[in-house]
file model.csv (CSV, C-alpha atoms)
chain,number,residue,atom,x,y,z
A,1,MET,CA,11.5,28.3,10.4
A,2,THR,CA,12.1,31.6,12.3
A,3,ARG,CA,15.0,31.3,14.6
A,4,LEU,CA,14.7,32.8,18.0
A,5,GLU,CA,18.4,33.4,18.4
A,6,THR,CA,21.6,33.4,16.3
A,7,THR,CA,23.9,30.4,16.4
A,8,ASP,CA,26.5,32.5,18.3
A,9,GLN,CA,23.8,33.3,20.9
A,10,LEU,CA,22.8,29.7,21.1
A,11,ILE,CA,26.4,28.6,21.7
A,12,ALA,CA,26.8,31.3,24.5
A,13,ARG,CA,23.6,30.0,26.1
A,14,LEU,CA,24.6,26.3,25.9
A,15,ALA,CA,28.1,27.0,27.2
A,16,ALA,CA,26.7,29.1,30.1
A,17,THR,CA,24.5,26.2,31.2
A,18,ALA,CA,27.2,23.4,30.8
A,19,GLU,CA,27.5,21.8,34.1
A,20,PRO,CA,29.9,18.8,34.6
A,21,VAL,CA,28.3,15.6,33.4
A,22,GLN,CA,28.7,12.0,34.5
A,23,ARG,CA,29.8,9.9,31.5
A,24,LEU,CA,27.8,6.8,30.8
A,25,ARG,CA,29.7,3.5,31.5
A,26,PRO,CA,30.5,1.3,28.5
A,27,PRO,CA,27.3,-0.3,27.1
A,28,LEU,CA,28.6,-3.8,27.5
A,29,LEU,CA,29.2,-3.2,31.2
A,30,ARG,CA,25.8,-1.6,31.7
A,31,ALA,CA,24.1,-4.5,29.9
A,32,CYS,CA,26.0,-7.1,32.0
A,33,LEU,CA,25.0,-5.3,35.2
A,34,TRP,CA,21.3,-5.3,34.3
A,35,LEU,CA,21.5,-9.0,33.3
A,36,LEU,CA,23.3,-9.9,36.6
A,37,VAL,CA,20.6,-8.1,38.7
A,38,ILE,CA,17.8,-9.8,36.8
A,39,ALA,CA,19.6,-13.1,37.1
A,40,ALA,CA,20.0,-12.7,40.8
A,41,ILE,CA,16.4,-11.8,41.4
A,42,SER,CA,15.2,-14.6,39.1
A,43,THR,CA,17.4,-17.2,40.9
A,44,VAL,CA,15.7,-16.3,44.2
A,45,GLY,CA,12.2,-16.6,42.5
A,46,ILE,CA,13.1,-19.9,40.8
A,47,LEU,CA,14.5,-21.5,44.0
A,48,ALA,CA,11.5,-20.4,46.0
A,49,PHE,CA,8.6,-21.2,43.6
A,50,ALA,CA,9.7,-23.4,40.6
A,51,ASP,CA,9.3,-27.2,40.5
A,52,LEU,CA,13.0,-28.0,40.1
A,53,HIS,CA,12.5,-31.8,40.1
A,54,GLU,CA,10.3,-31.5,37.1
A,55,PHE,CA,12.7,-29.1,35.4
A,56,ALA,CA,15.6,-31.6,36.0
A,57,ARG,CA,13.6,-34.3,34.4
A,58,ARG,CA,12.8,-32.2,31.3
A,59,ILE,CA,16.3,-30.8,30.9
A,60,SER,CA,17.5,-34.2,30.0
A,61,ASP,CA,15.8,-33.7,26.6
A,62,PRO,CA,18.4,-32.2,24.2
A,63,LYS,CA,15.7,-30.3,22.4
A,64,LEU,CA,14.9,-28.3,25.5
A,65,VAL,CA,18.5,-27.6,26.1
A,66,VAL,CA,18.7,-26.1,22.6
A,67,GLU,CA,15.5,-24.1,23.1
A,68,ILE,CA,16.7,-22.7,26.4
A,69,THR,CA,20.1,-21.9,25.0
A,70,GLY,CA,18.5,-20.1,22.1
A,71,THR,CA,16.2,-18.1,24.4
A,72,VAL,CA,18.8,-17.0,26.9
A,73,LEU,CA,21.3,-16.1,24.2
A,74,THR,CA,18.6,-14.0,22.5
A,75,GLY,CA,18.0,-12.2,25.8
A,76,ILE,CA,21.7,-11.5,26.4
A,77,THR,CA,22.5,-10.4,22.8
A,78,ALA,CA,19.4,-8.3,22.5
A,79,THR,CA,20.2,-6.5,25.9
A,80,ILE,CA,23.8,-5.8,24.7
A,81,ALA,CA,22.4,-4.6,21.4
A,82,ALA,CA,19.9,-2.3,23.1
A,83,PHE,CA,22.6,-0.6,25.2
A,84,ASN,CA,24.8,-0.2,22.2
A,85,LEU,CA,22.0,1.1,19.9
A,86,SER,CA,21.2,3.8,22.5
A,87,LEU,CA,24.5,5.5,21.8
A,88,PRO,CA,24.8,7.6,18.6
A,89,ASP,CA,28.2,6.3,17.3
A,90,ARG,CA,27.4,2.6,17.5
A,91,SER,CA,26.6,0.6,14.5
A,92,ARG,CA,23.0,-0.2,13.7
A,93,ALA,CA,24.1,-3.7,12.8
A,94,TRP,CA,23.7,-4.4,16.5
A,95,LEU,CA,20.1,-4.9,15.7
A,96,LEU,CA,21.0,-8.1,13.8
A,97,ALA,CA,23.1,-9.6,16.6
A,98,PRO,CA,20.2,-11.4,18.4
A,99,LEU,CA,18.7,-12.8,15.1
A,100,PRO,CA,20.7,-16.1,14.9
A,101,PHE,CA,19.7,-17.0,18.5
A,102,LEU,CA,16.1,-15.9,17.9
A,103,ALA,CA,16.0,-18.3,14.9
A,104,LEU,CA,17.4,-21.1,17.2
A,105,TRP,CA,14.8,-20.3,19.8
A,106,ILE,CA,11.9,-20.2,17.4
A,107,GLY,CA,13.2,-23.1,15.3
A,108,SER,CA,13.6,-25.4,18.3
A,109,SER,CA,10.2,-24.5,19.7
A,110,GLY,CA,8.7,-25.1,16.3
A,111,TYR,CA,10.4,-28.5,16.1
A,112,ALA,CA,8.9,-29.3,19.5
A,113,CYS,CA,5.4,-28.5,18.2
A,114,TYR,CA,6.1,-30.8,15.1
A,115,ARG,CA,7.3,-33.6,17.4
A,116,GLU,CA,4.2,-33.3,19.5
A,117,TRP,CA,2.0,-33.5,16.4
A,118,VAL,CA,3.8,-36.6,15.1
A,119,ARG,CA,3.6,-38.3,18.5
A,120,PHE,CA,0.0,-37.4,19.4
A,121,GLY,CA,-1.6,-36.5,16.0
A,122,PRO,CA,-4.2,-33.7,16.1
A,123,GLU,CA,-4.0,-33.6,20.0
A,124,GLY,CA,-0.5,-32.3,19.6
A,125,TRP,CA,-2.2,-29.0,18.3
A,126,THR,CA,-4.5,-28.6,21.2
A,127,PHE,CA,-4.7,-25.7,23.6
A,128,GLY,CA,-2.0,-26.4,26.2
A,129,GLU,CA,-1.0,-23.9,28.8
A,130,SER,CA,-1.2,-21.0,26.3
A,131,THR,CA,-3.0,-18.5,28.4
A,132,HIS,CA,-0.7,-19.1,31.3
A,133,CYS,CA,2.3,-18.7,28.9
A,134,PHE,CA,0.9,-15.4,27.6
A,135,MET,CA,0.2,-14.0,31.0
A,136,PHE,CA,3.5,-15.1,32.3
A,137,ILE,CA,5.6,-13.5,29.6
A,138,VAL,CA,3.6,-10.2,29.5
A,139,GLY,CA,3.4,-10.1,33.4
A,140,PHE,CA,7.1,-10.6,33.9
A,141,SER,CA,8.0,-8.3,31.0
A,142,ILE,CA,6.4,-5.3,32.9
A,143,PRO,CA,9.0,-5.1,35.7
A,144,LEU,CA,11.8,-6.2,33.4
A,145,GLY,CA,10.8,-3.7,30.7
A,146,LEU,CA,10.4,-0.8,33.2
A,147,SER,CA,13.9,-1.3,34.7
A,148,LEU,CA,15.5,-1.6,31.2
A,149,TRP,CA,13.6,1.4,29.9
A,150,TRP,CA,14.8,3.4,32.9
A,151,LEU,CA,18.4,2.5,32.2
A,152,LEU,CA,18.2,3.0,28.4
A,153,ARG,CA,16.5,6.4,28.7
A,154,ARG,CA,19.7,7.8,30.4
A,155,ALA,CA,21.4,7.7,27.0
A,156,ARG,CA,18.5,9.8,25.4
A,157,PRO,CA,18.9,7.8,22.2
A,158,ILE,CA,18.6,9.9,19.0
A,159,SER,CA,16.9,6.9,17.2
A,160,PRO,CA,14.7,5.4,19.9
A,161,ILE,CA,12.8,2.8,17.8
A,162,PRO,CA,15.8,0.4,17.1
A,163,VAL,CA,16.6,0.7,20.9
A,164,ALA,CA,13.0,-0.2,21.7
A,165,LEU,CA,13.0,-3.1,19.3
A,166,ALA,CA,16.1,-4.6,20.8
A,167,GLY,CA,15.0,-3.8,24.3
A,168,GLY,CA,11.5,-5.3,23.8
A,169,LEU,CA,13.1,-8.5,22.4
A,170,ALA,CA,15.5,-8.7,25.3
A,171,VAL,CA,12.7,-8.4,27.8
A,172,ALA,CA,10.5,-10.9,26.1
A,173,ALA,CA,13.3,-13.4,25.7
A,174,CYS,CA,14.3,-13.1,29.4
A,175,ALA,CA,10.6,-13.6,30.4
A,176,ALA,CA,10.3,-16.6,28.1
A,177,PHE,CA,13.5,-18.1,29.6
A,178,LEU,CA,12.0,-17.8,33.1
A,179,LEU,CA,8.8,-19.4,31.8
A,180,GLN,CA,10.7,-22.6,31.2
A,181,PHE,CA,11.1,-23.1,35.0
A,182,PHE,CA,7.3,-22.7,35.6
A,183,HIS,CA,6.0,-24.5,32.5
A,184,PRO,CA,6.5,-28.2,33.1
A,185,PHE,CA,5.0,-29.2,29.7
A,186,ASP,CA,6.3,-29.7,26.2
A,187,ILE,CA,5.2,-26.8,24.1
A,188,THR,CA,2.3,-27.1,21.7
A,189,ALA,CA,1.7,-25.1,18.5
A,190,ILE,CA,-0.8,-22.8,20.2
A,191,ASP,CA,1.6,-22.3,23.1
A,192,LEU,CA,4.2,-21.2,20.7
A,193,ALA,CA,1.8,-18.9,18.9
A,194,MET,CA,0.8,-17.4,22.2
A,195,GLN,CA,4.4,-17.0,23.2
A,196,LEU,CA,5.2,-15.3,19.9
A,197,THR,CA,2.2,-13.0,20.4
A,198,ALA,CA,3.4,-12.1,23.8
A,199,VAL,CA,6.9,-11.3,22.5
A,200,GLY,CA,5.2,-9.2,19.8
A,201,VAL,CA,3.1,-7.4,22.4
A,202,VAL,CA,6.2,-6.6,24.5
A,203,ILE,CA,8.2,-5.4,21.5
A,204,GLY,CA,5.1,-3.3,20.3
A,205,VAL,CA,4.8,-1.7,23.7
A,206,GLY,CA,8.5,-0.9,23.7
A,207,CYS,CA,8.2,0.8,20.3
A,208,ALA,CA,5.1,2.7,21.3
A,209,ARG,CA,6.8,4.0,24.5
A,210,PRO,CA,10.5,4.2,23.4
A,211,PRO,CA,13.1,5.6,25.7
A,212,VAL,CA,13.0,9.4,25.8
A,213,PRO,CA,14.7,10.7,22.6
A,214,ALA,CA,17.3,13.5,22.6
B,1,MET,CA,51.7,9.5,7.4
B,2,ASN,CA,52.6,12.9,6.1
B,3,PRO,CA,51.9,15.5,8.8
B,4,SER,CA,50.4,17.9,6.3
B,5,SER,CA,48.2,15.3,4.6
B,6,PRO,CA,44.4,15.6,4.9
B,7,ASP,CA,44.2,12.4,6.9
B,8,SER,CA,46.8,13.7,9.4
B,9,GLN,CA,44.9,17.0,9.7
B,10,GLU,CA,41.7,15.2,10.4
B,11,VAL,CA,43.4,13.1,13.1
B,12,THR,CA,44.9,16.3,14.7
B,13,ARG,CA,41.5,18.0,14.5
B,14,ASP,CA,39.8,15.0,16.1
B,15,GLN,CA,42.3,14.9,18.9
B,16,THR,CA,41.8,18.7,19.5
B,17,TRP,CA,38.0,18.3,19.6
B,18,THR,CA,38.2,15.2,21.8
B,19,GLY,CA,40.4,17.2,24.3
B,20,LEU,CA,37.9,20.1,24.3
B,21,MET,CA,34.9,17.7,24.8
B,22,LEU,CA,36.7,16.0,27.6
B,23,ARG,CA,37.1,19.4,29.3
B,24,ALA,CA,33.5,20.3,28.5
B,25,GLN,CA,32.2,17.1,30.1
B,26,SER,CA,34.1,18.2,33.2
B,27,GLY,CA,32.3,21.5,33.2
B,28,ASP,CA,34.8,23.8,31.5
B,29,GLN,CA,32.5,26.3,29.8
B,30,ARG,CA,35.2,28.1,27.9
B,31,ALA,CA,36.4,24.8,26.3
B,32,TYR,CA,32.8,23.9,25.5
B,33,ALA,CA,32.1,27.3,23.8
B,34,GLN,CA,35.3,26.9,21.8
B,35,LEU,CA,34.4,23.4,20.7
B,36,LEU,CA,30.9,24.4,19.6
B,37,SER,CA,32.3,27.3,17.6
B,38,GLU,CA,35.0,25.1,16.0
B,39,ILE,CA,32.6,22.4,14.8
B,40,LEU,CA,30.3,24.9,13.1
B,41,PRO,CA,32.0,24.7,9.6
B,42,PHE,CA,32.0,20.9,9.8
B,43,LEU,CA,28.3,20.8,10.7
B,44,ARG,CA,27.4,23.3,8.0
B,45,GLY,CA,29.3,21.2,5.4
B,46,LEU,CA,27.5,18.1,6.5
B,47,ALA,CA,24.1,19.9,6.3
B,48,ARG,CA,24.9,21.2,2.8
B,49,ARG,CA,25.9,17.7,1.7
B,50,GLN,CA,22.5,16.4,2.9
B,51,ARG,CA,21.0,18.9,0.3
B,52,HIS,CA,19.4,21.2,2.8
B,53,SER,CA,18.5,24.6,1.4
B,54,PRO,CA,20.8,27.5,2.4
B,55,ASP,CA,18.2,28.9,4.8
B,56,GLN,CA,17.7,25.5,6.5
B,57,VAL,CA,21.4,24.8,7.1
B,58,GLU,CA,21.5,27.0,10.1
B,59,ASP,CA,18.3,25.3,11.5
B,60,VAL,CA,20.0,21.9,11.2
B,61,VAL,CA,23.2,23.2,12.8
B,62,GLN,CA,21.3,24.7,15.8
B,63,ASP,CA,19.4,21.4,16.2
B,64,VAL,CA,22.6,19.4,16.2
B,65,LEU,CA,24.1,21.8,18.8
B,66,VAL,CA,21.1,21.4,21.1
B,67,THR,CA,21.2,17.6,20.7
B,68,LEU,CA,24.9,17.5,21.4
B,69,HIS,CA,24.3,19.5,24.6
B,70,ARG,CA,21.6,17.1,25.8
B,71,ILE,CA,23.6,13.9,25.2
B,72,ARG,CA,27.2,15.1,25.8
B,73,HIS,CA,27.4,12.6,28.7
B,74,THR,CA,27.1,9.7,26.1
B,75,TYR,CA,30.4,10.6,24.5
B,76,ASP,CA,33.2,8.1,25.3
B,77,PRO,CA,36.6,9.9,25.0
B,78,SER,CA,38.3,6.6,23.9
B,79,ARG,CA,36.4,6.8,20.7
B,80,PRO,CA,36.6,9.3,17.8
B,81,PHE,CA,34.7,12.5,18.5
B,82,THR,CA,34.2,13.3,14.8
B,83,ARG,CA,32.4,10.1,14.1
B,84,TRP,CA,30.1,10.6,17.2
B,85,LEU,CA,29.4,14.2,16.1
B,86,ALA,CA,28.8,13.2,12.4
B,87,THR,CA,26.3,10.5,13.3
B,88,ILE,CA,24.3,13.0,15.4
B,89,ALA,CA,24.4,15.5,12.6
B,90,GLN,CA,23.3,13.1,9.9
B,91,ARG,CA,20.4,11.7,12.0
B,92,ARG,CA,19.2,15.1,12.9
B,93,GLY,CA,19.5,16.3,9.3
B,94,ILE,CA,17.5,13.3,8.2
B,95,ASP,CA,14.9,13.9,10.9
B,96,LEU,CA,14.4,17.5,9.7
B,97,LEU,CA,14.1,16.3,6.0
B,98,ARG,CA,11.4,13.8,7.1
B,99,LYS,CA,9.6,16.4,9.1
B,100,GLN,CA,9.5,18.7,6.0
B,101,ILE,CA,8.2,15.9,3.8
B,102,ARG,CA,5.5,15.1,6.4
B,103,GLN,CA,4.5,18.8,6.6
B,104,GLY,CA,4.6,19.0,2.8
B,105,ARG,CA,2.0,16.3,2.5
B,106,HIS,CA,-0.5,18.2,4.6
B,107,GLU,CA,0.0,21.6,3.0
B,108,ILE,CA,-1.3,22.9,-0.4
B,109,TRP,CA,0.7,25.5,-2.2
B,110,ASP,CA,-1.6,27.7,-4.2
B,111,GLU,CA,0.4,30.6,-5.7
B,112,GLU,CA,-2.7,32.3,-7.1
B,113,ALA,CA,-4.5,32.2,-3.7
B,114,TYR,CA,-1.5,33.7,-2.0
B,115,GLU,CA,-1.1,36.5,-4.5
B,116,THR,CA,-4.9,37.2,-4.5
B,117,PHE,CA,-5.5,37.3,-0.8
B,118,ALA,CA,-2.3,39.1,0.2
B,119,ASP,CA,-3.6,42.3,-1.3
B,120,PRO,CA,-7.1,43.6,-0.4
B,121,ARG,CA,-7.7,45.0,-3.9
B,122,ALA,CA,-6.8,41.7,-5.4
B,123,THR,CA,-9.2,40.0,-3.1
B,124,ARG,CA,-12.0,42.2,-4.4
B,125,GLU,CA,-11.0,41.3,-7.9
B,126,GLN,CA,-11.1,37.7,-7.0
B,127,GLU,CA,-14.5,38.1,-5.5
B,128,ALA,CA,-15.8,39.9,-8.6
B,129,HIS,CA,-14.4,37.1,-10.7
B,130,ASP,CA,-16.1,34.5,-8.5
B,131,ALA,CA,-19.4,36.3,-8.7
B,132,THR,CA,-19.2,36.5,-12.5
B,133,ALA,CA,-18.5,32.8,-12.7
B,134,GLY,CA,-21.6,32.1,-10.4
B,135,LEU,CA,-23.8,34.3,-12.6
B,136,SER,CA,-22.7,32.5,-15.7
B,137,THR,CA,-23.7,29.2,-14.2
B,138,ALA,CA,-27.0,30.6,-13.1
B,139,MET,CA,-27.7,32.0,-16.6
B,140,LEU,CA,-27.6,28.4,-17.9
B,141,ALA,CA,-30.7,27.7,-15.8
B,142,LEU,CA,-32.8,30.3,-17.7
B,143,SER,CA,-34.9,29.6,-20.7
B,144,LYS,CA,-33.7,31.0,-24.1
B,145,GLY,CA,-36.2,33.8,-23.9
B,146,GLN,CA,-35.3,34.8,-20.4
B,147,ARG,CA,-31.6,34.7,-21.1
B,148,GLU,CA,-32.1,36.9,-24.2
B,149,ALA,CA,-34.2,39.4,-22.2
B,150,ILE,CA,-31.5,39.7,-19.4
B,151,GLU,CA,-28.7,40.0,-21.9
B,152,LEU,CA,-30.5,42.8,-23.8
B,153,VAL,CA,-31.7,44.9,-20.9
B,154,LYS,CA,-29.3,44.2,-18.1
B,155,MET,CA,-26.0,43.4,-19.9
B,156,GLN,CA,-26.3,45.5,-23.1
B,157,GLU,CA,-28.3,48.1,-21.2
B,158,LEU,CA,-30.9,48.6,-23.9
B,159,SER,CA,-34.1,50.4,-23.0
B,160,LEU,CA,-37.2,48.2,-22.8
B,161,ALA,CA,-38.5,49.7,-26.0
B,162,GLU,CA,-35.2,48.9,-27.8
B,163,ALA,CA,-35.1,45.4,-26.4
B,164,ALA,CA,-38.7,44.9,-27.4
B,165,VAL,CA,-37.8,45.7,-31.0
B,166,VAL,CA,-34.8,43.4,-31.0
B,167,SER,CA,-36.5,40.5,-29.4
B,168,GLY,CA,-39.9,40.9,-31.1
B,169,LYS,CA,-41.8,40.9,-27.8
B,170,SER,CA,-44.0,43.5,-26.3
B,171,VAL,CA,-42.7,45.8,-23.6
B,172,THR,CA,-45.1,44.2,-21.1
B,173,ALA,CA,-44.1,40.7,-22.0
B,174,LEU,CA,-40.4,41.7,-21.7
B,175,LYS,CA,-41.0,43.2,-18.2
B,176,VAL,CA,-42.6,39.9,-17.0
B,177,THR,CA,-39.9,37.8,-18.6
B,178,ILE,CA,-37.1,39.9,-17.0
B,179,HIS,CA,-38.9,39.8,-13.6
B,180,ARG,CA,-39.1,36.0,-13.7
B,181,ALA,CA,-35.6,35.7,-14.9
B,182,VAL,CA,-34.2,37.9,-12.1
B,183,LYS,CA,-36.2,35.9,-9.6
B,184,LEU,CA,-34.7,32.6,-10.9
B,185,LEU,CA,-31.2,34.0,-11.0
B,186,ARG,CA,-31.5,35.2,-7.4
B,187,GLU,CA,-32.7,31.7,-6.3
B,188,HIS,CA,-29.7,30.1,-8.0
B,189,LEU,CA,-27.2,32.5,-6.6
B,190,VAL,CA,-28.6,32.2,-3.1
B,191,LYS,CA,-28.3,28.4,-3.3
B,192,ARG,CA,-24.6,28.7,-4.1
call {"tool": "encode", "arguments": {"input": "model.csv", "output": "structure tokens"}}
result
Amino acid sequence: MTRLETTDQLIARLAATAEPVQRLRPPLLRACLWLLVIAAISTVGILAFADLHEFARRISDPKLVVEITGTVLTGITATIAAFNLSLPDRSRAWLLAPLPFLALWIGSSGYACYREWVRFGPEGWTFGESTHCFMFIVGFSIPLGLSLWWLLRRARPISPIPVALAGGLAVAACAAFLLQFFHPFDITAIDLAMQLTAVGVVIGVGCARPPVPA
Amino acid sequence: MNPSSPDSQEVTRDQTWTGLMLRAQSGDQRAYAQLLSEILPFLRGLARRQRHSPDQVEDVVQDVLVTLHRIRHTYDPSRPFTRWLATIAQRRGIDLLRKQIRQGRHEIWDEEAYETFADPRATREQEAHDATAGLSTAMLALSKGQREAIELVKMQELSLAEAAVVSGKSVTALKVTIHRAVKLLREHLVKR
């Protein structure tokens, strides 16, 4: 490579253009602020449009409680992981943080599919509200993903792909959590497959368009 | 901790760099220039440890300096500066190595081609060599009689009479054979 300037010249140029900078707030604080804003907006949407009576009936099922807990904890830990991974000196092990909760979410959803199959036989595998689930997760992930991408790009991550992976999972999990309020049915295997496909699509889009690298 | 021990020196160095970075984040250009100059030996050492060739070390160092400049707002003064810097340097160094590997996969190193085409005289030699190779291939397409006629008259430069004696053919037959052989050779060489 032919260098255009010596290292001393480069240092002089960088120092001459060094304006005061505003330091980023701690990643945990930034993640919590984003989650709070999303929670506030979602609460308004849920109160206005969700069938809360139906949701109250369904939430008495411990399986659903486990599933929702897994989903929401996946969203929270993946958000915190994404903000941490966007900084250079934070451990890459943050990428593993959401995995136990992801396993809980997918495991409990899978158990629900199995239970449907035992109860209803082959009808338990029928096409439920799959298209609706898919469109809901992908549709809600767009505004969630854009807002998270805008915040994460401020860190100009030097390794954008892990950030996009965690961010994509966070967005998909938050959208899947919201889906529970608008999806008054027990999940079928095809619903679960469609949900996982939607999660994969959101993570894939996140990786294809990662936050602007340094 | 012994104040002169390597650990103690590293702590002191880190504190100095943290102080300079703090001032740099506030817009102190002199502190920033001092910091960038002071970290150069550290960055060069890291690049060498990553097995970059001596001429690439400075490329890595400059890349790290530019990256540090772009993301200096991400440094948290409550955390060790050296670790923050080392992570940037290591990732940038790895990026450069990956880039070289990717480029290496799409490039073919042909030392002979370089040496031949760098010098116009060598190019002519290469062309002559290529032409000879082509002629040898075309000669294989000739019949035994035609090949013999060409070798005697065109390569050994015998006269038609001398070639007629050697081949046992008449001069007229030799002329016809050579004419047909040259025509065939021309066709083969044009096809190439």
call {"tool": "residues_around", "arguments": {"input": "model.csv", "residues": "Gln100 in chain B", "least_positions_apart": "5", "cutoff": "12 Å", "atoms": "only C-alpha atoms", "output": "list in words"}}
result
Met1 of chain A; His52, Ser53, Gln56, Gly93, Ile94, Asp95, Arg105, His106 and Glu107 of chain B
call {"tool": "write_last_selection", "arguments": {"input": "model.csv", "atoms": "C-alpha atoms", "output": "PDB file, in the coordinates of the input"}}
result
ATOM      1  CA  MET A   1      11.500  28.300  10.400  1.00  0.00           C
TER       2      MET A   1
ATOM      3  CA  HIS B  52      19.400  21.200   2.800  1.00  0.00           C
ATOM      4  CA  SER B  53      18.500  24.600   1.400  1.00  0.00           C
ATOM      5  CA  GLN B  56      17.700  25.500   6.500  1.00  0.00           C
ATOM      6  CA  GLY B  93      19.500  16.300   9.300  1.00  0.00           C
ATOM      7  CA  ILE B  94      17.500  13.300   8.200  1.00  0.00           C
ATOM      8  CA  ASP B  95      14.900  13.900  10.900  1.00  0.00           C
ATOM      9  CA  ARG B 105       2.000  16.300   2.500  1.00  0.00           C
ATOM     10  CA  HIS B 106      -0.500  18.200   4.600  1.00  0.00           C
ATOM     11  CA  GLU B 107       0.000  21.600   3.000  1.00  0.00           C
TER      12      GLU B 107
END
call {"tool": "interface_residues", "arguments": {"input": "model.csv", "of": "chain A", "to": "chain B", "cutoff": "10 Å", "atoms": "all atoms listed in the file", "output": "number ranges by chain"}}
result
A: 1-3, 5-8, 10-26, 86-91, 154-159, 213-214
call {"tool": "residues_around", "arguments": {"input": "model.csv", "residues": "Leu73 in chain A", "least_positions_apart": "2", "cutoff": "9 Å", "atoms": "only C-alpha atoms", "output": "PyMOL selection string"}}
result
chain A and resi 68-71+75-78+98+101-102+105+173
call {"tool": "closest_residue", "arguments": {"input": "model.csv", "among": "B:Glu38, B:Arg98, B:Gly168, B:Ala181", "to": "Glu151 in chain B", "atoms": "all atoms listed in the file"}}
result
B:Ala181
call {"tool": "atom_distance", "arguments": {"input": "model.csv", "atom1": "CA of Gln9 in chain B", "atom2": "CA of Ala93 in chain A"}}
result
29.5 Å
call {"tool": "atom_distance", "arguments": {"input": "model.csv", "atom1": "CA of Leu99 in chain A", "atom2": "CA of Gly45 in chain A"}}
result
28.4 Å
